[in-house]
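Okay, structure first, notes after.
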Amino acid sequence: MNFDSGDVSWLLVSSALVMLMVPGVALFYGGLVRRKNVVSTMMMSFAPLGAIGLLWVLYGYSLSFGSDQAGFIGGLDFVALNHVGQSSSLVYATTVPHLAFMVFQAMFAVITVALISGAVIGRVKFSAFMLFSVLWFTIVYCPVAHWVWGDGGWLSRLGVLDFAGGAVVHINSGMSALALAMLLGPRKGFPDEAMEPSNVPIVLLGAGLLWFGWFGFNGGSALTSGGLASNAFVATNISAAAATLTWMLISWVHRRPTLIGAATGAVAGLVAVTPAAGFVSPIMGIPIGAVAALVCYYCMSLRMRRRIDESLDVWAVHGMGGIWGALATGIFANVAVNDTGISGAIYGNTAQVARQIVGILAVGGYSFGVTRLLGTFIERTIGLRVRQDEETVGLDISQHGERAHGGIVT
């Protein structure tokens with residue numbers, strides 16, 4: 001079969017860019033936590049590359065993109081990559097090999113699980129997090145991916161728009177993070193004890209890798225190398241820039257601009273534009289990014305006032321940023337940008353906002369509720385939380401026998 005070589009090259013490069021975001025998350029999260037928990041935090045971000053990477057090819061891809069089963073889940077057509085080869089899938093990304101589409105989607109599954117870890121750093125057992133990751137991937141991620149992106153998924157049939165994962169990745173991980181953090185409880189000493197970040201420059205390096213990788217995350221979701229990919233690429237950059245500047249200005253008004261704040265703002269802008277990047281004109285990245293910074297900044301403040309120790313604000317940035325992005329898609333979507341989409345409210349179609357709200361409620365409610373049940377199950381079986389003495393000494397030593405700046409503990 002003859003494929004478009006440009007499309008194939010772009011999708012494979014985009015897959016590599018999204019994979020690079022995983023160590024980017026590890027660096028971003030690792031720099032934000034206390035020195036005694038750096039290795040543990042980075043390990044929980046990096047481990048899904050192994051666990052979820054394998055589960056995806058064994059059954060996850062099939063459950064997400066296999067033949068539709070009542071709009072809820074995919075069938076078993078593609079288990080162990082059966083029927084997934086060098087020819088086209090005939091359903092998804094028909095100008096590239098089926099394998100290329102499959103591996104691109106694999107990276108989304110991996111990074112979604114990695115994102116959740118930021119909610120529970122400093123107190124969760126590594127064994128519990130790994131068990132949770134496997135269960136959550138199977139019971140939450142795969143069905144939601146099918147709802148939104150699978151051929152026949154019920155949210156897809158309803159007309160909910162999600163170009164690159166506002167619901168599947170960000171609302172899904174953000175609401176799950178909140179549920180797991182509330183179940184686990186706060187870190188020892190929170191909120192009275194100072195919990196200074198271990199390495200601010202590493203935070204910036206992680207954020208830079210995320211911004212860089214996001215061009216593949218959003219641009220690759222065009223599944224072609226043409227104009228739509230360019231639209232998503234530029235919209236992504238504009239939104240991130242607008243959110244970075246807005247966050248700096250907000251923090252300056254309240255106190256002073258910080259590097260961590262600017263980096264967090266960039267991520268908020270990237271999150272918010274994710275569902276919209278291939279459906280809106282690039283210039284709409286300005287309101288999307290600017291409002292994302294406002295929403296996420298004040299949600300972080302709300303979370304602190306409520307004394308919820310959702311450690312690295314996965315809910316505030318990814319959950320709430322993803323919710324705003326989904327709504328913004330319903331407002332700003334323009335069928336002239338992408339003729340497979342639907343125009344939004346500013347073009348007279350207010351019904352699209354209602355569809356987006358249905359998607360938000362369905363994904364957010366399902367991920368929060370099922371995560372709560374999974375966390376409760378793990379707590380009652382192997383236990384979720386480390387012992388108090390292990391938390392005090394730090395999870396780097398107690399869980400892994402390593403120090404971030406001192407090597408292996410003998």
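Following the order of the structure tokens, chains are lettered A, B, ..., residues in each are numbered from 1, and ligands are numbered from 1.
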Neighbouring residues of Val267 in chain A were defined as those with any atom within 8 Å, considering only C-alpha atoms; residues of the same chain fewer than 4 positions away were excluded. Please report them as a PDB file with N, CA and C atoms, in the first residue's frame.
```pdb
ATOM      1  N   ALA A 207       9.405  21.791  32.117  1.00  0.00           N
ATOM      2  CA  ALA A 207       8.369  22.553  31.412  1.00  0.00           C
ATOM      3  C   ALA A 207       8.764  22.798  29.959  1.00  0.00           C
ATOM      4  N   LEU A 210       8.112  19.723  28.046  1.00  0.00           N
ATOM      5  CA  LEU A 210       6.673  19.575  27.830  1.00  0.00           C
ATOM      6  C   LEU A 210       6.192  20.482  26.699  1.00  0.00           C
ATOM      7  N   TRP A 211       6.609  21.731  26.705  1.00  0.00           N
ATOM      8  CA  TRP A 211       6.217  22.662  25.638  1.00  0.00           C
ATOM      9  C   TRP A 211       6.690  22.129  24.285  1.00  0.00           C
ATOM     10  N   ALA A 240       0.118  28.747  24.869  1.00  0.00           N
ATOM     11  CA  ALA A 240       1.139  28.615  25.916  1.00  0.00           C
ATOM     12  C   ALA A 240       1.765  29.966  26.223  1.00  0.00           C
ATOM     13  N   ALA A 263       6.368  28.704  34.558  1.00  0.00           N
ATOM     14  CA  ALA A 263       6.377  27.349  33.997  1.00  0.00           C
ATOM     15  C   ALA A 263       5.002  26.700  34.136  1.00  0.00           C
ATOM     16  N   VAL A 271      -2.388  22.773  28.215  1.00  0.00           N
ATOM     17  CA  VAL A 271      -3.514  21.894  28.542  1.00  0.00           C
ATOM     18  C   VAL A 271      -4.804  22.416  27.908  1.00  0.00           C
ATOM     19  N   VAL A 317      -4.531  22.382  37.358  1.00  0.00           N
ATOM     20  CA  VAL A 317      -3.935  22.706  36.060  1.00  0.00           C
ATOM     21  C   VAL A 317      -4.491  21.818  34.951  1.00  0.00           C
TER      22      VAL A 317
END
```
Please return, as an mmCIF file with N, CA and C atoms, in the first residue's frame, all residues of range 198-339 of chain A that DSSP assigns to helix (DSSP H, G or I) on the basis of the backbone.
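As written to disk, selection.cif reads:
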```cif
data_model
loop_
_atom_site.group_PDB
_atom_site.id
_atom_site.type_symbol
_atom_site.label_atom_id
_atom_site.label_comp_id
_atom_site.auth_asym_id
_atom_site.auth_seq_id
_atom_site.Cartn_x
_atom_site.Cartn_y
_atom_site.Cartn_z
ATOM 1 N N VAL A 200 14.560 24.315 41.296
ATOM 2 C CA VAL A 200 13.737 25.152 40.420
ATOM 3 C C VAL A 200 14.217 25.108 38.965
ATOM 4 N N PRO A 201 15.528 25.152 38.690
ATOM 5 C CA PRO A 201 15.948 25.038 37.277
ATOM 6 C C PRO A 201 15.475 23.762 36.598
ATOM 7 N N ILE A 202 15.404 22.647 37.350
ATOM 8 C CA ILE A 202 14.919 21.398 36.765
ATOM 9 C C ILE A 202 13.430 21.505 36.412
ATOM 10 N N VAL A 203 12.689 22.290 37.187
ATOM 11 C CA VAL A 203 11.280 22.536 36.868
ATOM 12 C C VAL A 203 11.170 23.189 35.488
ATOM 13 N N LEU A 204 12.026 24.176 35.251
ATOM 14 C CA LEU A 204 11.999 24.859 33.958
ATOM 15 C C LEU A 204 12.396 23.913 32.823
ATOM 16 N N LEU A 205 13.398 23.075 33.056
ATOM 17 C CA LEU A 205 13.796 22.112 32.038
ATOM 18 C C LEU A 205 12.637 21.170 31.707
ATOM 19 N N GLY A 206 11.938 20.691 32.741
ATOM 20 C CA GLY A 206 10.788 19.827 32.510
ATOM 21 C C GLY A 206 9.692 20.535 31.740
ATOM 22 N N ALA A 207 9.405 21.791 32.117
ATOM 23 C CA ALA A 207 8.369 22.553 31.412
ATOM 24 C C ALA A 207 8.764 22.798 29.959
ATOM 25 N N GLY A 208 10.048 23.049 29.726
ATOM 26 C CA GLY A 208 10.515 23.254 28.360
ATOM 27 C C GLY A 208 10.340 22.007 27.507
ATOM 28 N N LEU A 209 10.642 20.832 28.088
ATOM 29 C CA LEU A 209 10.436 19.581 27.356
ATOM 30 C C LEU A 209 8.950 19.341 27.079
ATOM 31 N N LEU A 210 8.112 19.723 28.046
ATOM 32 C CA LEU A 210 6.673 19.575 27.830
ATOM 33 C C LEU A 210 6.192 20.482 26.699
ATOM 34 N N TRP A 211 6.609 21.731 26.705
ATOM 35 C CA TRP A 211 6.217 22.662 25.638
ATOM 36 C C TRP A 211 6.690 22.129 24.285
ATOM 37 N N PHE A 212 7.937 21.686 24.228
ATOM 38 C CA PHE A 212 8.508 21.126 23.009
ATOM 39 C C PHE A 212 7.725 19.899 22.545
ATOM 40 N N GLY A 213 7.476 18.981 23.471
ATOM 41 C CA GLY A 213 6.767 17.756 23.116
ATOM 42 C C GLY A 213 5.324 17.991 22.734
ATOM 43 N N TRP A 214 4.746 19.057 23.277
ATOM 44 C CA TRP A 214 3.320 19.328 23.010
ATOM 45 C C TRP A 214 3.054 19.634 21.547
ATOM 46 N N PHE A 215 4.078 20.072 20.816
ATOM 47 C CA PHE A 215 3.875 20.275 19.380
ATOM 48 C C PHE A 215 3.551 18.947 18.695
ATOM 49 N N GLY A 216 4.149 17.860 19.178
ATOM 50 C CA GLY A 216 3.790 16.539 18.673
ATOM 51 C C GLY A 216 2.464 16.070 19.220
ATOM 52 N N PHE A 217 2.198 16.389 20.493
ATOM 53 C CA PHE A 217 0.955 16.018 21.160
ATOM 54 C C PHE A 217 -0.246 16.563 20.385
ATOM 55 N N ASN A 218 -0.222 17.865 20.098
ATOM 56 C CA ASN A 218 -1.340 18.501 19.402
ATOM 57 C C ASN A 218 -1.189 18.451 17.887
ATOM 58 N N GLY A 219 -0.006 18.817 17.397
ATOM 59 C CA GLY A 219 0.200 18.809 15.955
ATOM 60 C C GLY A 219 0.080 17.421 15.366
ATOM 61 N N GLY A 220 0.587 16.409 16.084
ATOM 62 C CA GLY A 220 0.491 15.040 15.593
ATOM 63 C C GLY A 220 -0.926 14.532 15.542
ATOM 64 N N SER A 221 -1.807 15.109 16.367
ATOM 65 C CA SER A 221 -3.201 14.650 16.400
ATOM 66 C C SER A 221 -3.958 14.997 15.127
ATOM 67 N N ALA A 222 -3.354 15.825 14.262
ATOM 68 C CA ALA A 222 -3.940 16.034 12.936
ATOM 69 C C ALA A 222 -3.857 14.754 12.108
ATOM 70 N N GLY A 227 -1.875 21.309 6.458
ATOM 71 C CA GLY A 227 -2.327 22.560 7.048
ATOM 72 C C GLY A 227 -2.919 22.411 8.429
ATOM 73 N N LEU A 228 -3.640 21.331 8.684
ATOM 74 C CA LEU A 228 -4.266 21.156 9.995
ATOM 75 C C LEU A 228 -3.211 20.989 11.087
ATOM 76 N N ALA A 229 -2.150 20.255 10.785
ATOM 77 C CA ALA A 229 -1.056 20.112 11.741
ATOM 78 C C ALA A 229 -0.416 21.468 12.023
ATOM 79 N N SER A 230 -0.260 22.272 10.989
ATOM 80 C CA SER A 230 0.312 23.608 11.168
ATOM 81 C C SER A 230 -0.590 24.474 12.034
ATOM 82 N N ASN A 231 -1.898 24.384 11.800
ATOM 83 C CA ASN A 231 -2.869 25.135 12.604
ATOM 84 C C ASN A 231 -2.752 24.759 14.074
ATOM 85 N N ALA A 232 -2.728 23.448 14.353
ATOM 86 C CA ALA A 232 -2.644 22.975 15.737
ATOM 87 C C ALA A 232 -1.315 23.380 16.370
ATOM 88 N N PHE A 233 -0.244 23.312 15.616
ATOM 89 C CA PHE A 233 1.093 23.665 16.090
ATOM 90 C C PHE A 233 1.130 25.125 16.532
ATOM 91 N N VAL A 234 0.630 26.012 15.674
ATOM 92 C CA VAL A 234 0.685 27.454 15.971
ATOM 93 C C VAL A 234 -0.271 27.812 17.102
ATOM 94 N N ALA A 235 -1.475 27.248 17.096
ATOM 95 C CA ALA A 235 -2.426 27.513 18.181
ATOM 96 C C ALA A 235 -1.848 27.088 19.526
ATOM 97 N N THR A 236 -1.138 25.971 19.534
ATOM 98 C CA THR A 236 -0.512 25.472 20.761
ATOM 99 C C THR A 236 0.491 26.480 21.310
ATOM 100 N N ASN A 237 1.341 26.998 20.433
ATOM 101 C CA ASN A 237 2.362 27.947 20.876
ATOM 102 C C ASN A 237 1.748 29.252 21.370
ATOM 103 N N ILE A 238 0.742 29.724 20.660
ATOM 104 C CA ILE A 238 0.104 30.989 21.051
ATOM 105 C C ILE A 238 -0.558 30.861 22.416
ATOM 106 N N SER A 239 -1.281 29.775 22.653
ATOM 107 C CA SER A 239 -1.959 29.590 23.927
ATOM 108 C C SER A 239 -0.957 29.496 25.077
ATOM 109 N N ALA A 240 0.118 28.747 24.869
ATOM 110 C CA ALA A 240 1.139 28.615 25.916
ATOM 111 C C ALA A 240 1.765 29.966 26.223
ATOM 112 N N ALA A 241 2.045 30.758 25.188
ATOM 113 C CA ALA A 241 2.642 32.079 25.394
ATOM 114 C C ALA A 241 1.689 32.996 26.155
ATOM 115 N N ALA A 242 0.410 32.991 25.763
ATOM 116 C CA ALA A 242 -0.581 33.843 26.428
ATOM 117 C C ALA A 242 -0.734 33.465 27.890
ATOM 118 N N ALA A 243 -0.756 32.172 28.175
ATOM 119 C CA ALA A 243 -0.920 31.721 29.560
ATOM 120 C C ALA A 243 0.311 32.028 30.401
ATOM 121 N N THR A 244 1.494 31.868 29.819
ATOM 122 C CA THR A 244 2.725 32.188 30.549
ATOM 123 C C THR A 244 2.735 33.654 30.962
ATOM 124 N N LEU A 245 2.459 34.535 30.018
ATOM 125 C CA LEU A 245 2.460 35.971 30.314
ATOM 126 C C LEU A 245 1.373 36.328 31.315
ATOM 127 N N THR A 246 0.182 35.785 31.144
ATOM 128 C CA THR A 246 -0.923 36.094 32.058
ATOM 129 C C THR A 246 -0.603 35.636 33.470
ATOM 130 N N TRP A 247 -0.043 34.430 33.610
ATOM 131 C CA TRP A 247 0.296 33.915 34.947
ATOM 132 C C TRP A 247 1.336 34.816 35.613
ATOM 133 N N MET A 248 2.337 35.259 34.848
ATOM 134 C CA MET A 248 3.341 36.159 35.411
ATOM 135 C C MET A 248 2.701 37.450 35.907
ATOM 136 N N LEU A 249 1.769 37.982 35.124
ATOM 137 C CA LEU A 249 1.117 39.230 35.521
ATOM 138 C C LEU A 249 0.247 39.051 36.763
ATOM 139 N N ILE A 250 -0.486 37.943 36.828
ATOM 140 C CA ILE A 250 -1.321 37.684 38.002
ATOM 141 C C ILE A 250 -0.462 37.570 39.253
ATOM 142 N N SER A 251 0.600 36.778 39.169
ATOM 143 C CA SER A 251 1.456 36.593 40.342
ATOM 144 C C SER A 251 2.175 37.881 40.714
ATOM 145 N N TRP A 252 2.463 38.704 39.737
ATOM 146 C CA TRP A 252 3.094 40.007 40.005
ATOM 147 C C TRP A 252 2.133 40.913 40.772
ATOM 148 N N VAL A 253 0.860 40.890 40.385
ATOM 149 C CA VAL A 253 -0.144 41.693 41.081
ATOM 150 C C VAL A 253 -0.276 41.251 42.532
ATOM 151 N N HIS A 254 -0.267 39.940 42.760
ATOM 152 C CA HIS A 254 -0.460 39.417 44.111
ATOM 153 C C HIS A 254 0.800 39.516 44.971
ATOM 154 N N LEU A 259 9.575 31.885 38.659
ATOM 155 C CA LEU A 259 9.880 30.976 37.562
ATOM 156 C C LEU A 259 8.944 29.771 37.583
ATOM 157 N N ILE A 260 8.670 29.254 38.775
ATOM 158 C CA ILE A 260 7.738 28.125 38.871
ATOM 159 C C ILE A 260 6.354 28.538 38.375
ATOM 160 N N GLY A 261 5.939 29.744 38.717
ATOM 161 C CA GLY A 261 4.645 30.236 38.253
ATOM 162 C C GLY A 261 4.592 30.361 36.742
ATOM 163 N N ALA A 262 5.641 30.904 36.141
ATOM 164 C CA ALA A 262 5.672 31.037 34.684
ATOM 165 C C ALA A 262 5.621 29.668 34.014
ATOM 166 N N ALA A 263 6.368 28.704 34.558
ATOM 167 C CA ALA A 263 6.377 27.349 33.997
ATOM 168 C C ALA A 263 5.002 26.700 34.136
ATOM 169 N N THR A 264 4.368 26.889 35.291
ATOM 170 C CA THR A 264 3.030 26.335 35.510
ATOM 171 C C THR A 264 2.022 26.969 34.563
ATOM 172 N N GLY A 265 2.154 28.276 34.361
ATOM 173 C CA GLY A 265 1.276 28.960 33.420
ATOM 174 C C GLY A 265 1.396 28.412 32.012
ATOM 175 N N ALA A 266 2.629 28.130 31.594
ATOM 176 C CA ALA A 266 2.836 27.560 30.266
ATOM 177 C C ALA A 266 2.098 26.232 30.132
ATOM 178 N N VAL A 267 2.220 25.386 31.150
ATOM 179 C CA VAL A 267 1.547 24.077 31.112
ATOM 180 C C VAL A 267 0.034 24.270 31.070
ATOM 181 N N ALA A 268 -0.481 25.227 31.838
ATOM 182 C CA ALA A 268 -1.927 25.484 31.836
ATOM 183 C C ALA A 268 -2.413 25.867 30.444
ATOM 184 N N GLY A 269 -1.648 26.719 29.757
ATOM 185 C CA GLY A 269 -2.028 27.114 28.408
ATOM 186 C C GLY A 269 -1.978 25.961 27.428
ATOM 187 N N LEU A 270 -0.986 25.101 27.589
ATOM 188 C CA LEU A 270 -0.867 23.926 26.729
ATOM 189 C C LEU A 270 -2.024 22.963 26.952
ATOM 190 N N VAL A 271 -2.388 22.773 28.215
ATOM 191 C CA VAL A 271 -3.514 21.894 28.542
ATOM 192 C C VAL A 271 -4.804 22.416 27.908
ATOM 193 N N ALA A 272 -5.066 23.699 28.090
ATOM 194 C CA ALA A 272 -6.350 24.257 27.659
ATOM 195 C C ALA A 272 -6.532 24.225 26.150
ATOM 196 N N VAL A 273 -5.459 24.404 25.399
ATOM 197 C CA VAL A 273 -5.599 24.434 23.943
ATOM 198 C C VAL A 273 -5.657 23.032 23.348
ATOM 199 N N PRO A 282 -5.817 29.789 14.959
ATOM 200 C CA PRO A 282 -4.689 29.914 15.890
ATOM 201 C C PRO A 282 -4.770 31.125 16.811
ATOM 202 N N ILE A 283 -5.302 32.241 16.313
ATOM 203 C CA ILE A 283 -5.352 33.458 17.126
ATOM 204 C C ILE A 283 -6.231 33.281 18.353
ATOM 205 N N MET A 284 -7.156 32.319 18.313
ATOM 206 C CA MET A 284 -7.999 32.050 19.474
ATOM 207 C C MET A 284 -7.200 31.433 20.619
ATOM 208 N N GLY A 285 -5.960 31.079 20.357
ATOM 209 C CA GLY A 285 -5.081 30.641 21.435
ATOM 210 C C GLY A 285 -4.870 31.716 22.478
ATOM 211 N N ILE A 286 -5.035 32.982 22.103
ATOM 212 C CA ILE A 286 -4.838 34.067 23.081
ATOM 213 C C ILE A 286 -5.895 34.023 24.175
ATOM 214 N N PRO A 287 -7.198 34.092 23.858
ATOM 215 C CA PRO A 287 -8.179 33.993 24.953
ATOM 216 C C PRO A 287 -8.160 32.641 25.649
ATOM 217 N N ILE A 288 -7.892 31.563 24.899
ATOM 218 C CA ILE A 288 -7.862 30.251 25.533
ATOM 219 C C ILE A 288 -6.747 30.193 26.571
ATOM 220 N N GLY A 289 -5.550 30.635 26.210
ATOM 221 C CA GLY A 289 -4.423 30.594 27.134
ATOM 222 C C GLY A 289 -4.559 31.568 28.295
ATOM 223 N N ALA A 290 -5.010 32.782 27.999
ATOM 224 C CA ALA A 290 -5.129 33.791 29.050
ATOM 225 C C ALA A 290 -6.159 33.384 30.105
ATOM 226 N N VAL A 291 -7.307 32.910 29.666
ATOM 227 C CA VAL A 291 -8.337 32.484 30.622
ATOM 228 C C VAL A 291 -7.878 31.240 31.379
ATOM 229 N N ALA A 292 -7.150 30.357 30.708
ATOM 230 C CA ALA A 292 -6.636 29.165 31.387
ATOM 231 C C ALA A 292 -5.752 29.552 32.568
ATOM 232 N N ALA A 293 -4.907 30.553 32.375
ATOM 233 C CA ALA A 293 -4.046 30.993 33.470
ATOM 234 C C ALA A 293 -4.870 31.496 34.651
ATOM 235 N N LEU A 294 -5.901 32.271 34.371
ATOM 236 C CA LEU A 294 -6.769 32.778 35.434
ATOM 237 C C LEU A 294 -7.485 31.638 36.154
ATOM 238 N N VAL A 295 -8.077 30.740 35.385
ATOM 239 C CA VAL A 295 -8.828 29.624 35.974
ATOM 240 C C VAL A 295 -7.921 28.761 36.844
ATOM 241 N N CYS A 296 -6.791 28.365 36.309
ATOM 242 C CA CYS A 296 -5.905 27.442 37.026
ATOM 243 C C CYS A 296 -5.257 28.105 38.239
ATOM 244 N N TYR A 297 -4.879 29.354 38.116
ATOM 245 C CA TYR A 297 -4.255 30.079 39.236
ATOM 246 C C TYR A 297 -5.211 30.131 40.427
ATOM 247 N N TYR A 298 -6.454 30.511 40.176
ATOM 248 C CA TYR A 298 -7.385 30.673 41.289
ATOM 249 C C TYR A 298 -7.933 29.329 41.778
ATOM 250 N N CYS A 299 -7.918 28.310 40.939
ATOM 251 C CA CYS A 299 -8.266 26.972 41.421
ATOM 252 C C CYS A 299 -7.179 26.440 42.356
ATOM 253 N N MET A 300 -5.922 26.753 42.073
ATOM 254 C CA MET A 300 -4.846 26.394 42.994
ATOM 255 C C MET A 300 -5.046 27.079 44.341
ATOM 256 N N SER A 301 -5.418 28.358 44.314
ATOM 257 C CA SER A 301 -5.670 29.088 45.556
ATOM 258 C C SER A 301 -6.850 28.483 46.314
ATOM 259 N N LEU A 302 -7.902 28.100 45.576
ATOM 260 C CA LEU A 302 -9.069 27.481 46.202
ATOM 261 C C LEU A 302 -8.694 26.162 46.857
ATOM 262 N N ARG A 303 -7.895 25.370 46.165
ATOM 263 C CA ARG A 303 -7.460 24.090 46.708
ATOM 264 C C ARG A 303 -6.687 24.271 48.003
ATOM 265 N N MET A 304 -5.843 25.275 48.080
ATOM 266 C CA MET A 304 -5.078 25.534 49.300
ATOM 267 C C MET A 304 -5.996 26.011 50.423
ATOM 268 N N ARG A 305 -6.956 26.855 50.096
ATOM 269 C CA ARG A 305 -7.887 27.337 51.125
ATOM 270 C C ARG A 305 -8.708 26.188 51.699
ATOM 271 N N VAL A 314 -2.434 18.751 39.951
ATOM 272 C CA VAL A 314 -2.883 18.094 38.727
ATOM 273 C C VAL A 314 -4.343 18.463 38.447
ATOM 274 N N TRP A 315 -5.149 18.513 39.506
ATOM 275 C CA TRP A 315 -6.558 18.888 39.332
ATOM 276 C C TRP A 315 -6.685 20.330 38.848
ATOM 277 N N ALA A 316 -5.991 21.249 39.513
ATOM 278 C CA ALA A 316 -6.137 22.666 39.176
ATOM 279 C C ALA A 316 -5.648 22.970 37.764
ATOM 280 N N VAL A 317 -4.531 22.382 37.358
ATOM 281 C CA VAL A 317 -3.935 22.706 36.060
ATOM 282 C C VAL A 317 -4.491 21.818 34.951
ATOM 283 N N HIS A 318 -4.471 20.510 35.154
ATOM 284 C CA HIS A 318 -4.917 19.606 34.091
ATOM 285 C C HIS A 318 -6.432 19.426 34.107
ATOM 286 N N GLY A 319 -6.997 19.193 35.290
ATOM 287 C CA GLY A 319 -8.435 18.999 35.368
ATOM 288 C C GLY A 319 -9.213 20.236 34.981
ATOM 289 N N MET A 320 -8.958 21.340 35.680
ATOM 290 C CA MET A 320 -9.707 22.570 35.421
ATOM 291 C C MET A 320 -9.261 23.236 34.127
ATOM 292 N N GLY A 321 -7.969 23.129 33.803
ATOM 293 C CA GLY A 321 -7.510 23.640 32.512
ATOM 294 C C GLY A 321 -8.154 22.876 31.370
ATOM 295 N N GLY A 322 -8.286 21.548 31.535
ATOM 296 C CA GLY A 322 -8.942 20.737 30.515
ATOM 297 C C GLY A 322 -10.419 21.057 30.391
ATOM 298 N N ILE A 323 -11.082 21.335 31.520
ATOM 299 C CA ILE A 323 -12.504 21.705 31.482
ATOM 300 C C ILE A 323 -12.695 23.020 30.733
ATOM 301 N N TRP A 324 -11.851 24.005 31.058
ATOM 302 C CA TRP A 324 -11.953 25.276 30.328
ATOM 303 C C TRP A 324 -11.673 25.057 28.838
ATOM 304 N N GLY A 325 -10.660 24.251 28.523
ATOM 305 C CA GLY A 325 -10.343 23.999 27.129
ATOM 306 C C GLY A 325 -11.485 23.342 26.376
ATOM 307 N N ALA A 326 -12.181 22.405 27.042
ATOM 308 C CA ALA A 326 -13.327 21.751 26.409
ATOM 309 C C ALA A 326 -14.446 22.756 26.145
ATOM 310 N N LEU A 327 -14.702 23.632 27.115
ATOM 311 C CA LEU A 327 -15.719 24.673 26.917
ATOM 312 C C LEU A 327 -15.291 25.645 25.819
ATOM 313 N N ALA A 328 -14.012 26.017 25.832
ATOM 314 C CA ALA A 328 -13.508 26.948 24.819
ATOM 315 C C ALA A 328 -13.636 26.366 23.422
ATOM 316 N N THR A 329 -13.465 25.064 23.307
ATOM 317 C CA THR A 329 -13.651 24.408 22.012
ATOM 318 C C THR A 329 -15.084 24.594 21.534
ATOM 319 N N GLY A 330 -16.033 24.431 22.445
ATOM 320 C CA GLY A 330 -17.432 24.632 22.098
ATOM 321 C C GLY A 330 -17.765 26.069 21.757
ATOM 322 N N ILE A 331 -16.967 26.995 22.250
ATOM 323 C CA ILE A 331 -17.197 28.412 21.967
ATOM 324 C C ILE A 331 -16.538 28.845 20.661
ATOM 325 N N PHE A 332 -15.268 28.462 20.476
ATOM 326 C CA PHE A 332 -14.458 29.022 19.393
ATOM 327 C C PHE A 332 -14.294 28.118 18.168
#
```
*Within 8 Å of range 40-50 of chain A, counting only C-alpha atoms, which residues qualify if same-chain residues fewer than 6 places away don't, as a PyMOL selection string?*
chain A and resi 22-23+25-27+29-30+33+110-111+113-115+117-118+121-122+126+129+133+395-396+399-400
Please produce a file of those selected residues containing C-alpha atoms, as a PDB file, in the first residue's frame.
```pdb
ATOM      1  CA  VAL A  22       7.178  11.661  29.970  1.00  0.00           C
ATOM      2  CA  PRO A  23      10.702  12.398  31.267  1.00  0.00           C
ATOM      3  CA  VAL A  25       6.835  15.353  33.466  1.00  0.00           C
ATOM      4  CA  ALA A  26       9.357  13.514  35.673  1.00  0.00           C
ATOM      5  CA  LEU A  27      11.710  16.512  35.685  1.00  0.00           C
ATOM      6  CA  TYR A  29       7.416  17.079  39.093  1.00  0.00           C
ATOM      7  CA  GLY A  30      10.813  16.067  40.509  1.00  0.00           C
ATOM      8  CA  VAL A  33       9.070  18.229  45.471  1.00  0.00           C
ATOM      9  CA  VAL A 110       1.425   6.496  29.130  1.00  0.00           C
ATOM     10  CA  ILE A 111       1.539  10.199  29.881  1.00  0.00           C
ATOM     11  CA  VAL A 113      -1.112   7.782  33.941  1.00  0.00           C
ATOM     12  CA  ALA A 114       2.157   9.629  34.652  1.00  0.00           C
ATOM     13  CA  LEU A 115       0.268  12.892  35.217  1.00  0.00           C
ATOM     14  CA  SER A 117       1.201  10.666  40.126  1.00  0.00           C
ATOM     15  CA  GLY A 118       1.694  14.355  40.893  1.00  0.00           C
ATOM     16  CA  ILE A 121       3.787  12.290  45.884  1.00  0.00           C
ATOM     17  CA  GLY A 122       5.531  11.948  49.227  1.00  0.00           C
ATOM     18  CA  PHE A 126       5.092   2.563  44.963  1.00  0.00           C
ATOM     19  CA  PHE A 129       0.594   3.274  42.696  1.00  0.00           C
ATOM     20  CA  SER A 133      -1.984   2.451  37.356  1.00  0.00           C
ATOM     21  CA  LEU A 395      10.252   7.825  49.874  1.00  0.00           C
ATOM     22  CA  ASP A 396      13.523   7.916  47.969  1.00  0.00           C
ATOM     23  CA  GLN A 399      10.772   2.880  48.695  1.00  0.00           C
ATOM     24  CA  HIS A 400      13.762   2.785  46.362  1.00  0.00           C
TER      25      HIS A 400
END
```
Determine which residues of range 62-129 of chain A receive a DSSP assignment of strand (DSSP E or B), computed from the backbone, and state them as a PDB file with N, CA and C atoms, in the first residue's frame.
```pdb
ATOM      1  N   ASP A  68     -16.528  -1.276  17.965  1.00  0.00           N
ATOM      2  CA  ASP A  68     -17.373  -0.693  19.010  1.00  0.00           C
ATOM      3  C   ASP A  68     -18.296  -1.716  19.659  1.00  0.00           C
ATOM      4  N   GLN A  69     -18.382  -1.649  20.977  1.00  0.00           N
ATOM      5  CA  GLN A  69     -19.278  -2.484  21.761  1.00  0.00           C
ATOM      6  C   GLN A  69     -20.245  -1.570  22.522  1.00  0.00           C
ATOM      7  N   ILE A  73     -17.002   0.589  24.849  1.00  0.00           N
ATOM      8  CA  ILE A  73     -15.668  -0.010  24.881  1.00  0.00           C
ATOM      9  C   ILE A  73     -15.382  -0.646  23.522  1.00  0.00           C
ATOM     10  N   GLY A  74     -14.093  -0.783  23.208  1.00  0.00           N
ATOM     11  CA  GLY A  74     -13.715  -1.463  21.980  1.00  0.00           C
ATOM     12  C   GLY A  74     -13.678  -2.967  22.164  1.00  0.00           C
ATOM     13  N   VAL A 124       2.545   7.948  48.989  1.00  0.00           N
ATOM     14  CA  VAL A 124       1.920   6.753  48.440  1.00  0.00           C
ATOM     15  C   VAL A 124       2.952   5.639  48.259  1.00  0.00           C
TER      16      VAL A 124
END
```
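Within the 7 Å cut-off around Lys125 in chain A, using only C-alpha atoms and omitting residues fewer than 6 positions from it on the same chain, the listed residues are Leu384, Arg385 and Val386 of chain A.
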Using C-alpha atoms, can you export the residues from the last selection as a PDB file, in the first residue's frame?
```pdb
ATOM      1  CA  LEU A 384      -2.202   2.951  49.773  1.00  0.00           C
ATOM      2  CA  ARG A 385       0.037   4.866  52.123  1.00  0.00           C
ATOM      3  CA  VAL A 386       3.545   4.318  53.425  1.00  0.00           C
TER       4      VAL A 386
END
```
